[in-house]
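Participant: Structure: input-v8.csv, CSV, C-alpha atoms and all ligand atoms.
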chain,number,residue,atom,x,y,z
A,1,MET,CA,-11.8,-19.6,-11.3
A,2,LYS,CA,-12.2,-19.8,-7.5
A,3,VAL,CA,-13.1,-16.7,-5.5
A,4,GLY,CA,-14.0,-15.9,-1.9
A,5,ILE,CA,-16.3,-13.2,-0.5
A,6,LEU,CA,-16.6,-11.7,2.9
A,7,THR,CA,-18.6,-8.8,4.5
A,8,GLY,CA,-16.8,-6.9,7.3
A,9,GLY,CA,-17.7,-4.1,9.8
A,10,GLY,CA,-21.1,-2.8,10.5
A,11,ASP,CA,-23.7,-4.0,8.1
A,12,CYS,CA,-25.9,-1.9,5.8
A,13,ALA,CA,-28.5,-2.4,3.1
A,14,GLY,CA,-27.2,-3.7,-0.2
A,15,LEU,CA,-24.5,-6.1,0.9
A,16,ASN,CA,-26.5,-9.1,-0.5
A,17,ALA,CA,-27.2,-7.2,-3.7
A,18,VAL,CA,-23.5,-6.6,-4.3
A,19,MET,CA,-22.6,-10.2,-3.7
A,20,ARG,CA,-25.3,-11.3,-6.1
A,21,ALA,CA,-24.0,-9.0,-8.8
A,22,ILE,CA,-20.4,-10.3,-8.4
A,23,ALA,CA,-21.6,-13.9,-8.5
A,24,LEU,CA,-24.0,-13.5,-11.5
A,25,ASN,CA,-21.4,-11.6,-13.5
A,26,LEU,CA,-18.9,-14.4,-12.9
A,27,TYR,CA,-21.3,-17.3,-13.5
A,28,GLN,CA,-22.4,-15.6,-16.8
A,29,ASN,CA,-19.0,-14.9,-18.1
A,30,GLU,CA,-16.6,-17.6,-16.9
A,31,LYS,CA,-16.8,-21.3,-17.5
A,32,ASN,CA,-15.9,-22.8,-14.2
A,33,VAL,CA,-16.7,-20.6,-11.3
A,34,GLU,CA,-16.4,-21.7,-7.7
A,35,ILE,CA,-17.4,-19.3,-5.0
A,36,VAL,CA,-16.8,-19.6,-1.2
A,37,GLY,CA,-17.9,-17.3,1.6
A,38,PHE,CA,-16.2,-16.5,4.8
A,39,ARG,CA,-18.7,-16.0,7.7
A,40,ASP,CA,-18.6,-13.1,10.1
A,41,GLY,CA,-16.1,-10.9,8.1
A,42,TYR,CA,-12.4,-11.5,8.6
A,43,ALA,CA,-13.2,-13.8,11.6
A,44,GLY,CA,-14.3,-16.5,9.1
A,45,LEU,CA,-11.1,-16.1,7.1
A,46,ILE,CA,-9.0,-16.2,10.3
A,47,ARG,CA,-10.7,-19.4,11.3
A,48,GLY,CA,-10.0,-20.7,7.7
A,49,GLU,CA,-13.6,-21.8,7.3
A,50,ALA,CA,-14.6,-21.5,3.7
A,51,VAL,CA,-18.3,-22.1,3.1
A,52,PRO,CA,-19.2,-23.3,-0.4
A,53,LEU,CA,-21.8,-21.1,-2.1
A,54,ARG,CA,-24.0,-22.2,-5.0
A,55,ARG,CA,-25.8,-20.2,-7.6
A,56,ALA,CA,-29.0,-20.7,-5.8
A,57,ASP,CA,-27.5,-18.9,-2.7
A,58,PHE,CA,-27.4,-15.7,-4.8
A,59,GLU,CA,-30.9,-15.9,-6.2
A,60,GLY,CA,-33.6,-13.7,-4.7
A,61,ILE,CA,-31.3,-11.7,-2.5
A,62,LEU,CA,-31.3,-8.4,-4.5
A,63,ARG,CA,-33.7,-6.9,-2.0
A,64,ALA,CA,-32.7,-8.8,1.2
A,65,GLY,CA,-31.4,-6.7,4.0
A,66,GLY,CA,-28.4,-7.6,6.2
A,67,THR,CA,-25.7,-10.0,4.8
A,68,ILE,CA,-26.2,-13.7,4.1
A,69,LEU,CA,-22.6,-14.2,5.3
A,70,GLY,CA,-22.8,-12.4,8.7
A,71,THR,CA,-20.3,-9.8,9.7
A,72,THR,CA,-18.2,-8.7,12.7
A,73,ARG,CA,-15.8,-5.9,13.5
A,74,THR,CA,-12.3,-7.4,13.6
A,75,PRO,CA,-10.0,-4.6,14.9
A,76,PHE,CA,-7.3,-3.7,12.5
A,77,LYS,CA,-4.8,-3.1,15.4
A,78,LEU,CA,-4.9,-6.7,16.3
A,79,MET,CA,-4.2,-8.1,12.8
A,80,SER,CA,-0.5,-8.1,13.2
A,81,VAL,CA,-0.2,-9.0,16.9
A,82,PRO,CA,1.0,-12.6,17.5
A,83,GLU,CA,-1.6,-14.8,19.2
A,84,GLU,CA,-1.4,-18.0,21.1
A,85,GLY,CA,0.7,-20.4,19.0
A,86,GLY,CA,2.8,-17.4,17.6
A,87,ALA,CA,0.9,-16.7,14.3
A,88,THR,CA,-0.7,-13.4,13.7
A,89,ARG,CA,-4.3,-13.1,12.5
A,90,LEU,CA,-2.9,-11.7,9.2
A,91,ALA,CA,-0.7,-14.8,8.8
A,92,ARG,CA,-3.6,-17.1,9.5
A,93,MET,CA,-5.7,-15.2,6.9
A,94,VAL,CA,-2.9,-15.5,4.3
A,95,ALA,CA,-2.6,-19.2,5.0
A,96,ALA,CA,-6.3,-19.7,4.6
A,97,TYR,CA,-6.4,-17.7,1.4
A,98,LYS,CA,-3.6,-19.9,0.0
A,99,LYS,CA,-5.1,-23.2,1.3
A,100,CYS,CA,-8.4,-22.4,-0.4
A,101,GLY,CA,-6.6,-21.8,-3.6
A,102,LEU,CA,-8.4,-18.5,-4.2
A,103,ASP,CA,-7.8,-16.5,-7.4
A,104,CYS,CA,-9.4,-13.5,-5.7
A,105,LEU,CA,-11.0,-12.4,-2.4
A,106,PHE,CA,-13.8,-9.8,-2.5
A,107,THR,CA,-14.0,-7.7,0.7
A,108,LEU,CA,-17.2,-5.7,1.2
A,109,GLY,CA,-16.6,-3.2,3.9
A,110,GLY,CA,-15.9,0.2,5.2
A,111,ALA,CA,-12.7,2.0,6.1
A,112,GLY,CA,-11.5,-0.6,8.6
A,113,THR,CA,-12.2,-3.5,6.2
A,114,HIS,CA,-10.2,-1.7,3.5
A,115,LYS,CA,-7.2,-1.2,5.8
A,116,THR,CA,-7.0,-5.0,6.4
A,117,ALA,CA,-7.6,-5.6,2.7
A,118,ALA,CA,-4.6,-3.5,2.0
A,119,LEU,CA,-2.5,-5.6,4.4
A,120,LEU,CA,-3.6,-8.8,2.7
A,121,CYS,CA,-2.6,-7.3,-0.7
A,122,ALA,CA,0.8,-6.5,0.7
A,123,GLU,CA,1.1,-10.2,1.6
A,124,GLY,CA,0.5,-11.2,-2.0
A,125,CYS,CA,-3.3,-12.0,-1.9
A,126,ASN,CA,-5.4,-10.8,-4.8
A,127,VAL,CA,-8.1,-8.6,-3.2
A,128,ILE,CA,-10.8,-6.4,-4.6
A,129,GLY,CA,-12.7,-4.1,-2.1
A,130,LEU,CA,-16.2,-2.8,-2.3
A,131,PRO,CA,-17.2,0.4,-0.5
A,132,LYS,CA,-20.0,-0.2,2.0
A,133,THR,CA,-21.2,2.1,4.8
A,134,ILE,CA,-24.2,4.1,5.7
A,135,ASP,CA,-21.7,6.8,6.8
A,136,ASN,CA,-20.5,7.5,3.2
A,137,ASP,CA,-17.1,8.3,4.6
A,138,ILE,CA,-14.8,6.1,2.5
A,139,TYR,CA,-12.1,8.2,0.8
A,140,GLY,CA,-11.9,8.2,-3.0
A,141,THR,CA,-15.5,7.4,-3.8
A,142,ASP,CA,-18.4,9.9,-4.2
A,143,VAL,CA,-20.8,7.5,-2.6
A,144,THR,CA,-20.9,4.2,-0.8
A,145,PHE,CA,-23.6,1.6,-1.1
A,146,GLY,CA,-26.1,1.5,1.9
A,147,PHE,CA,-25.9,5.3,2.3
A,148,GLN,CA,-28.9,6.3,0.2
A,149,THR,CA,-31.1,3.7,1.9
A,150,ALA,CA,-30.1,5.1,5.3
A,151,VAL,CA,-30.7,8.7,4.0
A,152,ASP,CA,-34.2,7.6,3.0
A,153,VAL,CA,-34.9,6.0,6.4
A,154,ALA,CA,-33.7,9.0,8.3
A,155,THR,CA,-35.5,11.4,6.1
A,156,ASP,CA,-38.8,9.5,6.6
A,157,ALA,CA,-38.1,9.5,10.4
A,158,LEU,CA,-37.6,13.3,10.4
A,159,GLU,CA,-40.8,13.8,8.5
A,160,ARG,CA,-42.7,11.7,11.0
A,161,VAL,CA,-41.1,13.5,13.9
A,162,ARG,CA,-42.1,16.8,12.4
A,163,THR,CA,-45.9,16.0,12.5
A,164,THR,CA,-45.9,15.0,16.1
A,165,SER,CA,-43.6,17.9,17.1
A,166,GLU,CA,-46.0,20.3,15.3
A,167,SER,CA,-48.9,18.9,17.2
A,168,HIS,CA,-47.2,19.5,20.5
A,169,GLY,CA,-45.2,22.6,19.6
A,170,ARG,CA,-42.1,20.8,20.7
A,171,THR,CA,-38.4,21.0,19.8
A,172,MET,CA,-37.2,17.6,18.7
A,173,LEU,CA,-33.7,16.4,18.4
A,174,VAL,CA,-33.2,13.4,16.2
A,175,GLU,CA,-29.8,11.6,16.5
A,176,ILE,CA,-28.6,10.2,13.2
A,177,MET,CA,-25.7,7.7,12.9
A,178,GLY,CA,-22.2,8.8,11.9
A,179,ASN,CA,-19.6,8.9,14.5
A,180,LYS,CA,-16.8,10.6,12.4
A,181,ALA,CA,-18.5,12.0,9.4
A,182,GLY,CA,-21.8,13.8,9.1
A,183,TRP,CA,-22.9,12.9,5.5
A,184,LEU,CA,-26.0,11.0,6.6
A,185,THR,CA,-27.1,13.7,9.0
A,186,LEU,CA,-26.4,16.4,6.3
A,187,HIS,CA,-28.4,14.7,3.5
A,188,ALA,CA,-31.3,13.4,5.7
A,189,GLY,CA,-31.4,16.8,7.5
A,190,ILE,CA,-31.8,18.7,4.3
A,191,ALA,CA,-34.2,16.1,2.7
A,192,GLY,CA,-36.2,15.9,5.9
A,193,GLY,CA,-36.5,19.7,6.3
A,194,ALA,CA,-34.5,20.0,9.5
A,195,ASP,CA,-34.3,23.6,10.9
A,196,ILE,CA,-30.9,22.9,12.6
A,197,ILE,CA,-28.3,20.4,11.5
A,198,LEU,CA,-25.3,19.6,13.8
A,199,LEU,CA,-22.4,17.7,12.3
A,200,PRO,CA,-19.1,16.2,13.6
A,201,GLU,CA,-17.3,18.4,11.1
A,202,ILE,CA,-18.9,21.7,12.3
A,203,PRO,CA,-18.5,22.2,16.1
A,204,PHE,CA,-21.6,24.0,17.4
A,205,SER,CA,-22.2,26.7,19.9
A,206,VAL,CA,-24.8,25.6,22.5
A,207,ASP,CA,-25.7,29.3,23.1
A,208,LYS,CA,-26.3,29.8,19.4
A,209,VAL,CA,-28.5,26.7,19.0
A,210,CYS,CA,-30.6,27.8,21.9
A,211,ALA,CA,-30.9,31.3,20.4
A,212,ALA,CA,-32.0,29.8,17.1
A,213,VAL,CA,-34.7,27.7,18.8
A,214,THR,CA,-36.1,30.8,20.5
A,215,ALA,CA,-35.9,32.8,17.3
A,216,GLY,CA,-37.7,29.9,15.4
A,217,TYR,CA,-40.7,30.1,17.8
A,218,ALA,CA,-40.6,34.0,17.7
A,219,ALA,CA,-40.8,33.8,13.9
A,220,GLY,CA,-44.0,31.7,14.1
A,221,LYS,CA,-42.6,28.1,13.8
A,222,ARG,CA,-44.7,25.5,15.6
A,223,CYS,CA,-41.7,23.3,16.2
A,224,ASN,CA,-37.9,23.1,15.7
A,225,ILE,CA,-36.4,19.9,14.3
A,226,ILE,CA,-32.8,19.4,15.0
A,227,ALA,CA,-30.8,16.7,13.1
A,228,VAL,CA,-27.9,15.8,15.3
A,229,GLY,CA,-25.0,13.7,14.0
A,230,GLU,CA,-24.0,11.0,16.4
A,231,GLY,CA,-20.5,12.4,16.5
A,232,ALA,CA,-21.5,16.1,16.8
A,233,VAL,CA,-19.2,18.2,19.0
A,234,VAL,CA,-19.8,21.3,21.1
A,235,ASP,CA,-17.3,24.0,20.1
A,236,SER,CA,-15.6,24.0,23.6
A,237,GLU,CA,-14.9,20.3,23.1
A,238,ALA,CA,-13.5,20.7,19.6
A,239,PRO,CA,-9.8,20.9,20.6
A,240,PHE,CA,-10.0,17.5,22.3
A,241,LYS,CA,-9.5,14.1,20.8
A,242,LYS,CA,-12.5,11.8,20.7
A,243,ARG,CA,-11.3,9.6,23.6
A,244,GLU,CA,-10.7,12.8,25.7
A,245,ARG,CA,-14.2,14.0,24.9
A,246,VAL,CA,-15.8,10.8,26.0
A,247,PHE,CA,-13.9,11.1,29.3
A,248,ILE,CA,-14.9,14.8,29.8
A,249,ARG,CA,-18.6,14.0,29.1
A,250,ALA,CA,-18.6,11.1,31.5
A,251,GLU,CA,-17.0,13.3,34.2
A,252,ARG,CA,-19.8,15.8,33.8
A,253,GLY,CA,-22.4,12.9,34.0
A,254,GLU,CA,-23.5,13.5,30.4
A,255,THR,CA,-25.0,10.7,28.4
A,256,THR,CA,-25.0,11.4,24.7
A,257,VAL,CA,-24.5,14.8,23.1
A,258,THR,CA,-28.1,14.7,21.9
A,259,GLN,CA,-29.7,14.0,25.3
A,260,HIS,CA,-27.4,16.6,26.9
A,261,LEU,CA,-28.3,19.2,24.3
A,262,ALA,CA,-32.1,18.4,24.7
A,263,GLU,CA,-31.9,19.1,28.4
A,264,ILE,CA,-30.0,22.4,28.0
A,265,ILE,CA,-32.5,23.6,25.3
A,266,GLN,CA,-35.5,22.8,27.5
A,267,GLU,CA,-33.9,24.5,30.5
A,268,ARG,CA,-32.7,27.6,28.7
A,269,THR,CA,-35.5,28.3,26.2
A,270,GLY,CA,-38.5,26.8,28.1
A,271,ALA,CA,-39.5,24.9,24.9
A,272,GLU,CA,-40.8,21.4,25.6
A,273,THR,CA,-37.9,19.3,24.2
A,274,ARG,CA,-37.5,15.6,23.3
A,275,ALA,CA,-34.8,13.5,21.8
A,276,THR,CA,-35.1,10.5,19.5
A,277,VAL,CA,-32.2,8.2,18.6
A,278,LEU,CA,-32.8,6.5,15.2
A,279,GLY,CA,-30.0,3.9,15.7
A,280,TYR,CA,-29.9,0.6,13.8
A,281,ILE,CA,-33.1,1.0,11.8
A,282,GLN,CA,-30.8,3.1,9.5
A,283,ARG,CA,-28.7,0.1,8.8
A,284,GLY,CA,-31.4,-2.6,8.5
A,285,GLY,CA,-34.0,-3.5,5.9
A,286,GLU,CA,-34.2,-3.6,2.2
A,287,PRO,CA,-32.0,-1.5,0.0
A,288,CYS,CA,-33.8,1.4,-1.8
A,289,ALA,CA,-34.0,1.3,-5.6
A,290,TYR,CA,-31.0,3.6,-6.0
A,291,ASP,CA,-28.8,1.3,-3.9
A,292,ARG,CA,-30.0,-1.8,-5.8
A,293,VAL,CA,-28.8,-0.2,-9.0
A,294,LEU,CA,-25.6,1.1,-7.4
A,295,CYS,CA,-24.9,-2.4,-5.8
A,296,THR,CA,-25.4,-4.1,-9.2
A,297,ARG,CA,-23.0,-1.7,-10.9
A,298,LEU,CA,-20.3,-1.9,-8.2
A,299,GLY,CA,-20.6,-5.7,-7.9
A,300,SER,CA,-20.6,-6.3,-11.6
A,301,PHE,CA,-17.6,-4.0,-12.1
A,302,ALA,CA,-15.7,-5.8,-9.3
A,303,ALA,CA,-16.3,-9.1,-11.1
A,304,GLN,CA,-15.1,-7.5,-14.4
A,305,LEU,CA,-11.9,-6.4,-12.6
A,306,CYS,CA,-11.4,-9.9,-11.3
A,307,ARG,CA,-11.8,-11.4,-14.7
A,308,ARG,CA,-9.2,-9.0,-16.1
A,309,GLY,CA,-6.8,-9.8,-13.3
A,310,ARG,CA,-6.8,-6.3,-11.8
A,311,PHE,CA,-6.3,-6.7,-8.1
A,312,GLY,CA,-5.2,-4.7,-5.1
A,313,VAL,CA,-8.0,-2.2,-5.7
A,314,THR,CA,-11.3,-1.0,-4.4
A,315,VAL,CA,-14.3,-0.1,-6.6
A,316,ALA,CA,-15.4,3.5,-6.4
A,317,VAL,CA,-17.8,6.0,-8.0
A,318,VAL,CA,-16.1,9.2,-9.2
A,319,GLY,CA,-18.1,11.8,-11.1
A,320,GLY,CA,-20.9,9.3,-11.7
A,321,ARG,CA,-18.7,6.8,-13.3
A,322,ILE,CA,-17.7,3.4,-11.7
A,323,THR,CA,-14.0,3.2,-11.4
A,324,PHE,CA,-11.4,1.9,-8.9
A,325,ASN,CA,-8.7,3.1,-6.5
A,326,ALA,CA,-5.5,1.3,-5.5
A,327,LEU,CA,-6.2,0.0,-2.0
A,328,PRO,CA,-3.0,1.4,-0.5
A,329,ASP,CA,-4.0,4.9,-1.7
A,330,ILE,CA,-7.3,5.0,0.2
A,331,ALA,CA,-6.8,2.6,3.1
A,332,GLY,CA,-7.0,4.4,6.5
A,333,LYS,CA,-8.3,7.6,4.9
A,334,TYR,CA,-11.7,9.1,5.5
A,335,LYS,CA,-13.9,11.5,3.5
A,336,PHE,CA,-15.5,14.3,5.5
A,337,VAL,CA,-18.1,16.9,4.9
A,338,ASP,CA,-16.5,20.2,3.8
A,339,PRO,CA,-17.9,22.8,6.3
A,340,ASN,CA,-17.7,25.4,3.5
A,341,GLY,CA,-18.6,23.1,0.7
A,342,GLU,CA,-21.4,23.5,-1.8
A,343,ILE,CA,-24.0,21.3,0.1
A,344,VAL,CA,-23.6,23.0,3.4
A,345,ARG,CA,-23.7,26.4,1.8
A,346,ALA,CA,-26.8,25.5,-0.2
A,347,ALA,CA,-28.5,24.5,3.1
A,348,GLU,CA,-27.3,27.5,5.0
A,349,GLU,CA,-28.4,29.9,2.3
A,350,THR,CA,-31.9,28.5,2.5
A,351,GLY,CA,-32.1,29.0,6.2
A,352,VAL,CA,-30.7,25.8,7.8
A,353,PHE,CA,-28.7,26.6,10.9
A,354,PHE,CA,-25.5,24.6,11.6
A,355,GLY,CA,-24.8,26.0,15.0
A,356,ARG,CA,-21.8,28.1,14.2
A,401,LIG,O1,-20.1,2.6,10.5
A,401,LIG,C1,-21.5,2.5,10.5
A,401,LIG,C2,-22.0,2.8,11.9
A,401,LIG,O2,-23.4,2.5,11.8
A,401,LIG,C3,-21.8,4.2,12.4
A,401,LIG,O3,-22.6,5.2,11.9
A,401,LIG,C4,-22.0,4.0,13.9
A,401,LIG,O4,-21.3,4.9,14.7
A,401,LIG,C5,-21.4,2.6,14.1
A,401,LIG,O5,-21.5,1.9,12.8
A,401,LIG,C6,-22.1,1.7,15.1
A,401,LIG,O6,-21.4,0.6,15.3
A,401,LIG,P1,-21.8,-0.8,16.0
A,401,LIG,O7,-22.6,-1.6,15.0
A,401,LIG,O8,-20.5,-1.4,16.3
A,401,LIG,O9,-22.6,-0.4,17.2
Here is a file; write its structure as structure tokens.
Facilitator:
Amino acid sequence: MKVGILTGGGDCAGLNAVMRAIALNLYQNEKNVEIVGFRDGYAGLIRGEAVPLRRADFEGILRAGGTILGTTRTPFKLMSVPEEGGATRLARMVAAYKKCGLDCLFTLGGAGTHKTAALLCAEGCNVIGLPKTIDNDIYGTDVTFGFQTAVDVATDALERVRTTSESHGRTMLVEIMGNKAGWLTLHAGIAGGADIILLPEIPFSVDKVCAAVTAGYAAGKRCNIIAVGEGAVVDSEAPFKKRERVFIRAERGETTVTQHLAEIIQERTGAETRATVLGYIQRGGEPCAYDRVLCTRLGSFAAQLCRRGRFGVTVAVVGGRITFNALPDIAGKYKFVDPNGEIVRAAEETGVFFGR
């Protein structure tokens, strides 16, 4: 059996742990296993450069952050556009897949990676996807690997920010990753005891947020901690598309939503206000114990699917069980926070303010 592996899109903790689980399962249960890796996501497959991997390459990487194969974002839009020489990137990938004589290609990635994986399937390649992203926004799975580690990192950051904010009596905005979906901000915000949580899915009123800050101090709070999702939107911006919002904000000379809101809060409430952007520390470093277990389950299951000849799918967690979805059913779809769902309500009913 000869299989290929690639990691696509933004990285996260747990990519190596998943590859290790795939490899160890195959080595343990198949007689002749050959594994090759494609560097830098689909870019390596487009270049047709298959790197032979040995058993030793998968040893000792359960805890290792990043990805031993490297990754890039390769825009889905460009996959079917003919390039110099006439061939599309898709055609070059299919040719590379065939030339390598692969029985299966494992693609570890987020929504974009899955869309391209579905294209490869439609061209007759045997593909099995694995759901990676700190954003937890892949449709059809309760959870993605890398998410819980990022939640732990952001939670720890919120707790640290609280002690310094209490010392100074400040209001602190903490920007948490998640451009489209607010899962990471929601979970870390709750776990880190944020007073206010602002998500892309729940447009917020600037007036109401300022009023909540003032009310917090009036009620005796030493500080206000606001967890802001990277893609959070002000209610007046909600009718506009993301691209239009970027344009409107640039026209007004605004930088990020977090920085802008921090300035307004300080101006209107008089509270000393600061903003912190957590950024890539949420993606880097070792996977937490939960993710190591999840990665092992997902990777091992993906290898089982391959051994059974079940392709054109992506592995998923549904109701706590590891299962799979057909790639065409989930490709291009996202999973968003339900503004009236159980988690938001639980937080709201315990005093967290969502700015609405
Ligand atoms: O998709 C994961 C993610 O970390 C998002 O939360 C974030 O908006 C984006 O990637 C950042 O992407 P890049 O690595 O291209 O800066």
Participant: Using all atoms listed in the file, find each residue with an atom at most 7 Å away from ligand LIG 401 (chain A) and format the answer as number ranges by chain.
Facilitator: A: 10, 133-135, 177-179, 230, 283
Participant: So how far away is CA of Lys335 (chain A) from CA of Pro239 (chain A), in Å?
Facilitator: 19.9 Å
Participant: Calculated over all atoms listed in the file, which of the candidates A:Gly60, A:Gly309, A:Leu173, A:Arg243 has the smallest distance to Glu263 (chain A)?
Facilitator: A:Leu173
Participant: Work out how far apart CA of Ala191 (chain A) and CA of Leu15 (chain A) are and give it in Å to one decimal.
Facilitator: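 Answer for the CA of Ala191 (chain A) to CA of Leu15 (chain A) separation: 24.3 Å.
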Participant: Can you list, as a list in words, every protein, DNA or RNA residue that comes within 9 Å of region 47-59 of chain A when you count all atoms listed in the file, leaving out same-chain residues fewer than 5 positions away?
Facilitator: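 The residues satisfying every condition are Gly4, Asn16, Ala17, Met19, Arg20, Ala21, Ala23, Leu24, Tyr27, Glu34, Ile35, Val36, Gly37, Phe38, Arg39, Tyr42, Ile68, Arg92, Met93, Ala95, Ala96, Tyr97, Lys99 and Cys100 of chain A.
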Participant: Which residues come within 7 Å of Thr107 (chain A), counting all atoms listed in the file, excluding same-chain residues fewer than 5 positions away, as a list in words?
Facilitator: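 Contacts, with the query itself left out: Ile5, Leu6, Thr7, Ile128, Gly129 and Leu130 of chain A.
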Participant: So, counting all atoms listed in the file, which residue among A:Arg162, A:Lys221, A:Arg245, A:Lys77 is closest to Gly189 (chain A)?
Facilitator: A:Arg162
Participant: Skipping near chain neighbours, those fewer than 5 positions away, what residues fall within 8 Å of region 279-282 of chain A using only C-alpha atoms, listed as a list in words?
Facilitator: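 My reading of the contact set: Cys12, Ile134, Thr149, Ala150, Val151, Val153, Ala154, Glu175, Ile176 and Met177 of chain A.
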Participant: Neighbourhood query: residues within 9 Å of (-24.1, 26.1, 12.3), file coordinates, counting only C-alpha atoms; return as a PyMOL selection string.
Facilitator: chain A and resi 196-199+202-205+208-209+348+352-356
Participant: Give me a file of those residues, with C-alpha atoms, as a PDB file, in the frame of the given file.
Facilitator:
ATOM      1  CA  ILE A 196     -30.900  22.900  12.600  1.00  0.00           C
ATOM      2  CA  ILE A 197     -28.300  20.400  11.500  1.00  0.00           C
ATOM      3  CA  LEU A 198     -25.300  19.600  13.800  1.00  0.00           C
ATOM      4  CA  LEU A 199     -22.400  17.700  12.300  1.00  0.00           C
ATOM      5  CA  ILE A 202     -18.900  21.700  12.300  1.00  0.00           C
ATOM      6  CA  PRO A 203     -18.500  22.200  16.100  1.00  0.00           C
ATOM      7  CA  PHE A 204     -21.600  24.000  17.400  1.00  0.00           C
ATOM      8  CA  SER A 205     -22.200  26.700  19.900  1.00  0.00           C
ATOM      9  CA  LYS A 208     -26.300  29.800  19.400  1.00  0.00           C
ATOM     10  CA  VAL A 209     -28.500  26.700  19.000  1.00  0.00           C
ATOM     11  CA  GLU A 348     -27.300  27.500   5.000  1.00  0.00           C
ATOM     12  CA  VAL A 352     -30.700  25.800   7.800  1.00  0.00           C
ATOM     13  CA  PHE A 353     -28.700  26.600  10.900  1.00  0.00           C
ATOM     14  CA  PHE A 354     -25.500  24.600  11.600  1.00  0.00           C
ATOM     15  CA  GLY A 355     -24.800  26.000  15.000  1.00  0.00           C
ATOM     16  CA  ARG A 356     -21.800  28.100  14.200  1.00  0.00           C
TER      17      ARG A 356
END
Participant: Quote the spacing between CA of Gly65 (chain A) and CA of Asp11 (chain A) in Å to one decimal place.
Facilitator: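 These atoms are spaced 9.1 Å apart.
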Participant: Which residues, written as a ChimeraX atom specification, have at least one atom at most 8 Å from Thr273 (chain A), with only C-alpha atoms counted and residues fewer than 5 positions away on the same chain left out?
Facilitator: /A:170-173,262-263,265-266
Participant: Please provide the set of residues having any atom within 10 Å of Gly320 (chain A), restricted to all atoms listed in the file, with same-chain residues fewer than 6 positions apart removed, written as an MDAnalysis selection string.
Facilitator: chainID A and resid 141:143
Participant: Using all atoms listed in the file, which of A:Gly9, A:Gly146, A:Gly140, A:Gly216 sits nearest Gly285 (chain A)?
Facilitator: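 Once distances to Gly285 (chain A) are computed over all atoms listed in the file, the minimum belongs to A:Gly146.
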Participant: Could you tell me which of A:Ile46, A:Gln148, A:Arg252, A:Ala122 comes closest to Arg292 (chain A) if we count all atoms listed in the file?
Facilitator: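 Residue with the minimum atom-to-atom distance to Arg292 (chain A): A:Gln148.
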Participant: Name the closest residue to His260 (chain A) among the candidates A:Thr116, A:Gly169, A:Ala275, A:Thr71; distances are taken between atoms, counting all atoms listed in the file.
Facilitator: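 Counting all atoms listed in the file, the residue closest to His260 (chain A) is A:Ala275.
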Participant: Which one of A:Thr113, A:Cys306, A:Thr164, A:Ala157 sits closest to Val3 (chain A) if you count only C-alpha atoms?
Facilitator: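 Distance minimum relative to Val3 (chain A) lands on A:Cys306.
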